[in-house]
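Engineer: Provided below: data15.txt, containing compact mmCIF, C-alpha atoms.
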# COMPACT_ATOMS: atom_id res chain seq x y z
CA SER A 1 -29.67 7.27 -24.17
CA LYS A 2 -30.68 5.69 -20.85
CA ASP A 3 -27.87 3.13 -21.25
CA LEU A 4 -25.45 5.96 -21.93
CA ALA A 5 -26.52 7.80 -18.78
CA ASN A 6 -26.17 4.62 -16.72
CA SER A 7 -22.79 3.91 -18.25
CA LYS A 8 -21.64 7.46 -17.56
CA ALA A 9 -22.74 7.11 -13.94
CA GLU A 10 -20.94 3.76 -13.67
CA LEU A 11 -17.86 5.27 -15.29
CA GLU A 12 -17.86 8.19 -12.87
CA THR A 13 -18.24 5.87 -9.88
CA ALA A 14 -15.56 3.48 -11.12
CA HIS A 15 -13.28 6.36 -12.03
CA SER A 16 -13.53 8.02 -8.63
CA THR A 17 -13.13 4.69 -6.84
CA CYS A 18 -10.15 3.70 -8.95
CA MET A 19 -8.52 7.09 -8.60
CA GLN A 20 -8.87 6.80 -4.81
CA VAL A 21 -7.47 3.25 -4.92
CA ALA A 22 -4.58 4.44 -7.08
CA ALA A 23 -3.82 7.34 -4.73
CA ASP A 24 -4.04 5.05 -1.71
CA HIS A 25 -1.84 2.54 -3.48
CA GLU A 26 0.83 5.14 -4.24
CA GLN A 27 0.78 6.39 -0.66
CA THR A 28 0.94 2.85 0.72
CA VAL A 29 3.79 1.90 -1.61
CA ALA A 30 5.77 4.97 -0.52
CA SER A 31 5.07 4.24 3.14
CA ARG A 32 5.91 0.57 2.72
CA THR A 33 9.17 1.44 0.96
CA ALA A 34 10.16 3.67 3.86
CA GLU A 35 9.15 0.99 6.36
CA LEU A 36 11.18 -1.66 4.56
CA LYS A 37 14.18 0.67 4.39
CA VAL A 38 14.13 1.27 8.14
CA ILE A 39 13.46 -2.38 8.90
CA LEU A 40 16.41 -3.39 6.74
CA GLU A 41 18.54 -0.76 8.48
CA ALA A 42 17.49 -2.16 11.85
CA LYS A 43 18.31 -5.65 10.61
CA LYS A 44 21.78 -4.46 9.52
CA ILE A 45 22.37 -2.95 12.95
CA LEU A 46 21.39 -6.23 14.56
CA GLU A 47 23.63 -8.25 12.24
CA ALA A 48 26.63 -5.93 12.60
CA PRO A 49 29.43 -7.33 14.74
CA THR A 50 29.66 -5.74 18.16
CA SER A 51 32.63 -4.84 20.36
CA GLY A 52 35.71 -6.53 19.04
CA GLY A 53 33.97 -8.46 16.27
CA ALA A 54 32.14 -10.79 18.61
CA SER A 55 28.68 -12.01 17.79
CA PRO A 56 25.77 -9.93 19.12
CA SER A 57 24.82 -12.62 21.62
CA GLY A 58 28.35 -12.76 23.01
CA CYS A 59 28.30 -9.11 24.07
CA PHE A 60 25.07 -8.97 26.04
CA LEU A 61 25.71 -8.21 29.65
CA GLN A 62 23.04 -9.38 31.99
CA MET A 63 22.62 -6.56 34.43
CA ALA A 64 19.83 -5.53 36.77
CA ALA A 65 20.06 -1.92 35.61
CA ALA A 66 18.69 -2.30 32.10
CA THR A 67 18.82 1.42 31.42
CA GLN A 68 22.62 1.53 31.29
CA MET A 69 24.32 1.03 27.95
CA ASN A 70 27.46 -0.96 28.69
CA THR A 71 28.06 -2.66 25.36
CA ARG A 72 27.71 -1.97 21.69
CA ALA A 73 24.90 -4.54 21.72
CA ASP A 74 22.99 -2.34 24.16
CA LEU A 75 23.59 0.60 21.84
CA ALA A 76 22.47 -1.43 18.82
CA ARG A 77 19.34 -2.53 20.67
CA SER A 78 18.60 1.08 21.54
CA GLU A 79 19.20 2.20 17.94
CA VAL A 80 16.89 -0.46 16.55
CA LEU A 81 14.11 0.53 18.94
CA THR A 82 14.61 4.22 18.28
CA ILE A 83 14.57 3.79 14.51
CA VAL A 84 11.47 1.60 14.48
CA LYS A 85 9.63 3.87 16.95
CA ARG A 86 10.56 6.97 14.94
CA LEU A 87 9.37 5.38 11.73
CA ALA A 88 6.11 4.32 13.38
CA THR A 89 5.55 7.89 14.56
CA ASP A 90 6.56 9.50 11.26
CA HIS A 91 4.29 7.27 9.18
CA HIS A 92 1.52 6.82 11.74
CA SER A 93 1.97 3.08 11.33
CA ALA A 94 0.28 0.90 13.90
CA ALA A 95 2.12 -2.13 12.52
CA LEU A 96 5.51 -0.53 13.13
CA ALA A 97 4.47 0.66 16.58
CA GLN A 98 3.47 -2.89 17.38
CA LEU A 99 6.79 -4.16 15.99
CA ALA A 100 8.68 -1.68 18.20
CA SER A 101 6.71 -2.86 21.21
CA ARG A 102 7.44 -6.49 20.38
CA ILE A 103 11.13 -5.74 19.89
CA ALA A 104 11.30 -3.98 23.25
CA ALA A 105 9.59 -6.90 24.99
CA VAL A 106 11.72 -9.54 23.27
CA VAL A 107 14.96 -7.71 24.03
CA LYS A 108 14.03 -7.08 27.65
CA LEU A 109 12.73 -10.59 28.35
CA GLY A 110 15.38 -12.29 26.23
CA ALA A 111 18.25 -10.53 27.97
CA ALA A 112 16.76 -11.30 31.39
CA ALA A 113 16.38 -14.97 30.50
CA GLY A 114 19.89 -15.20 29.06
CA GLU A 115 18.61 -15.87 25.53
CA ASP A 116 19.81 -14.21 22.35
CA PRO A 117 17.24 -11.46 21.85
CA PHE A 118 18.79 -10.47 18.54
CA ALA A 119 17.75 -13.76 16.97
CA LYS A 120 14.15 -13.15 18.02
CA VAL A 121 14.27 -9.53 16.86
CA LYS A 122 15.62 -10.64 13.49
CA GLY A 123 12.73 -13.08 13.27
CA LEU A 124 10.23 -10.32 14.09
CA ILE A 125 11.75 -8.11 11.42
CA GLN A 126 11.68 -10.89 8.84
CA ASP A 127 8.04 -11.60 9.69
CA MET A 128 7.23 -7.90 9.25
CA ILE A 129 9.02 -7.81 5.88
CA ALA A 130 7.07 -10.87 4.72
CA LYS A 131 3.80 -9.29 5.87
CA LEU A 132 4.57 -6.01 4.08
CA GLU A 133 5.50 -7.84 0.88
CA SER A 134 2.26 -9.83 1.08
CA GLU A 135 0.23 -6.64 1.54
CA ALA A 136 2.05 -5.02 -1.38
CA SER A 137 1.21 -7.97 -3.58
CA ALA A 138 -2.45 -7.86 -2.58
CA GLU A 139 -2.65 -4.13 -3.26
CA ALA A 140 -0.94 -4.56 -6.63
CA ASP A 141 -3.56 -7.18 -7.52
CA GLU A 142 -6.34 -4.80 -6.47
CA LYS A 143 -4.85 -2.00 -8.54
CA ALA A 144 -4.52 -4.31 -11.57
CA TYR A 145 -8.18 -5.30 -11.19
CA CYS A 146 -9.19 -1.65 -10.94
CA ASP A 147 -7.18 -0.76 -14.03
CA GLU A 148 -8.76 -3.64 -15.94
CA GLN A 149 -12.26 -2.52 -14.92
CA MET A 150 -11.50 1.06 -15.94
CA SER A 151 -10.40 -0.04 -19.40
CA LYS A 152 -13.56 -2.18 -19.81
CA ILE A 153 -15.77 0.72 -18.75
CA GLU A 154 -13.96 3.11 -21.09
CA ALA A 155 -14.48 0.66 -23.97
CA LYS A 156 -18.19 0.28 -23.09
CA LYS A 157 -18.56 4.06 -22.88
CA ALA A 158 -16.94 4.52 -26.30
CA GLU A 159 -19.25 1.85 -27.75
CA LEU A 160 -22.35 3.49 -26.28
CA GLU A 161 -21.27 6.93 -27.48
CA GLU A 162 -20.85 5.51 -30.97
CA ASP A 163 -24.33 3.95 -30.77
CA THR A 164 -25.74 7.28 -29.54
CA ALA A 165 -24.11 9.11 -32.43
CA LYS A 166 -25.63 6.64 -34.92
CA LEU A 167 -29.06 6.97 -33.33
CA ASN A 168 -28.83 10.77 -33.32
CA SER A 169 -27.93 10.61 -37.00
CA LYS A 170 -30.97 8.42 -37.69
CA ILE A 171 -33.17 10.81 -35.71
CA ALA A 172 -31.86 13.77 -37.70
CA THR A 173 -32.45 11.90 -40.98
CA ALA A 174 -35.99 10.93 -39.90
CA ALA A 175 -36.74 14.53 -38.83
CA ALA A 176 -35.55 15.81 -42.20
CA LYS A 177 -37.66 13.22 -44.00
CA LYS A 178 -40.66 14.16 -41.83
CA SER A 179 -40.25 17.84 -42.74
CA GLU A 180 -39.98 16.91 -46.40
CA LEU A 181 -43.15 14.82 -46.24
CA GLU A 182 -45.03 17.59 -44.39
CA VAL A 183 -44.10 20.00 -47.18
CA GLN A 184 -45.40 17.54 -49.80
CA VAL A 185 -48.68 17.06 -47.91
CA LYS A 186 -49.44 20.81 -47.92
Represent the structure of the file as structure tokens.

Structural biologist:
Amino acid sequence: SKDLANSKAELETAHSTCMQVAADHEQTVASRTAELKVILEAKKILEAPTSGGASPSGCFLQMAAATQMNTRADLARSEVLTIVKRLATDHHSAALAQLASRIAAVVKLGAAAGEDPFAKVKGLIQDMIAKLESEASAEADEKAYCDEQMSKIEAKKAELEEDTAKLNSKIATAAAKKSELEVQVK
């Protein structure tokens, strides 16, 4: 009976913990899916040919007034930043906000230095995708562990309930025998 109470308490704790992990996992998977979608969209924008089919690096104009959009590359850069910033805001994602900040810095510094900022931005996006996939894998492992523990606890609970039922049956049999013996003694 004491084992059953302890097992029930363990089951309740494990159940609530696992349910929270499962809910968190579902929310994280949905958020990660949205993040990956926007990151892939940003990557497509960066890989898309710009004005006249030239490569993205061939269309960057090095100008002092960085706020003007003179090429399709400038527009693409702006779109990528806008999309990543919007996603960061929508999903309250610090990782995406940091990615947007990095993209802005790389584009600004890369254009000023005459480098191809798109190559660096693509690298940042690929790093972010790898990080998100790694996190997804780790969370899937945690969820699998939680599911395994839940099944073990359920099995233990069923075993203890069966033992309790047997013991209750023995108690009832012994009580009946006791009553029978008391009647014989009188």

Engineer: For each of A:Leu99, A:Ala172, A:Val185, A:Ile39, take the minimum atom-to-atom distance to A:Ile129, counting all atoms listed in the file, then give the residue where this is smallest.

Structural biologist: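 Among A:Leu99, A:Ala172, A:Val185, A:Ile39, it is A:Ile39 that comes nearest to A:Ile129.
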
Engineer: Any idea what's packed within 9 Å of A:Ser101, counting only C-alpha atoms, ignoring anything in its chain fewer than 5 positions away? Could you give it as a PyMOL selection string?

Structural biologist: chain A and resi 81+85+96+106

Engineer: Could you save those same residues with C-alpha atoms as a PDB file, in the frame of the given file?

Structural biologist:
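Dumped everything to result-v9.pdb:
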ATOM      1  CA  LEU A  81      14.110   0.530  18.940  1.00  0.00           C
ATOM      2  CA  LYS A  85       9.630   3.870  16.950  1.00  0.00           C
ATOM      3  CA  LEU A  96       5.510  -0.530  13.130  1.00  0.00           C
ATOM      4  CA  VAL A 106      11.720  -9.540  23.270  1.00  0.00           C
TER       5      VAL A 106
END

Engineer: Which centre and which edge lengths, in Å to one decimal, describe the axis-aligned box that holds all listed atoms of stretch 147-153 of chain A after 5 Å is added on each side, as AutoDock Vina command-line options?

Structural biologist:
--center_x -11.5 --center_y -1.3 --center_z -16.9 --size_x 18.6 --size_y 14.7 --size_z 15.8

Engineer: Of the candidates A:Lys178, A:His92, A:His15, A:Lys186, which one gets nearest to A:Glu154 if we count only C-alpha atoms?

Structural biologist: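 Under the stated criterion, the closest residue is A:His15.
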
Engineer: Grab the atom CA of A:Cys18 to atom CA of A:Glu139 distance for me, in Å with one decimal place.

Structural biologist: 12.2 Å

Engineer: Which polymer residues have any atom within 12 Å of an atom of A:Asp24, counting all atoms listed in the file, with same-chain residues fewer than 6 positions away left out, as a list in words?

Structural biologist: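 So, after excluding close chain neighbours, the residues are Thr17, Cys18, Ala30, Ser31, Arg32, Ala136, Glu139, Ala140, Glu142 and Lys143 of chain A.
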
Engineer: Check the smallest atom-to-atom distance from each of A:Ser78, A:Gln98, A:Thr28, A:Gln126 to A:Ala138 using only C-alpha atoms, then report the winner.

Structural biologist: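 Of A:Ser78, A:Gln98, A:Thr28, A:Gln126, the one nearest A:Ala138 is A:Thr28, counting only C-alpha atoms.
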
Engineer: For A:Asn6, which of A:Leu160, A:Ala174, A:Ala144, A:Ala22 is the closest residue, counting only C-alpha atoms?

Structural biologist: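 Selected residue with least distance to A:Asn6: A:Leu160.
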
Engineer: For a test of reading the model, state the distance in Å between atom CA of A:Ile103 and atom CA of A:His25, rounded to one decimal.

Structural biologist: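 If I compute the distance from atom CA of A:Ile103 to atom CA of A:His25, I get 28.0 Å.
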
Engineer: In Å, with one decimal, what is the gap from atom CA of A:Lys152 to atom CA of A:Leu11?

Structural biologist: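 So the answer is 9.7 Å.
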
Engineer: Got a sec: who's within 9 Å of A:Ala14, counting all atoms listed in the file, leaving out chain neighbours fewer than 6 positions off, as a PyMOL selection string?

Structural biologist: chain A and resi 146+149-150+153

Engineer: Go through A:Ile171, A:Leu181, A:Leu87, A:Ala165 and flag the residue nearest A:Leu4, using only C-alpha atoms for the distances.

Structural biologist: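 The answer is A:Ala165, which sits nearest to A:Leu4.
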
Engineer: Go through A:Val121, A:Ser1, A:Ala176, A:Thr13 one by one, measure the shortest atom-to-atom distance of each to A:Asp163 using all atoms listed in the file, and give the residue with the smallest value.

Structural biologist: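 Under the stated criterion, the closest residue is A:Ser1.
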
Engineer: Find the spatial neighbours of A:Met128, counting all atoms listed in the file, within a cut-off of 10 Å - ignore same-chain residues fewer than 5 positions away - and output them as an NGL selection string.

Structural biologist: :A and (35-36 or 39 or 95-96 or 99 or 122-123 or 133-134)
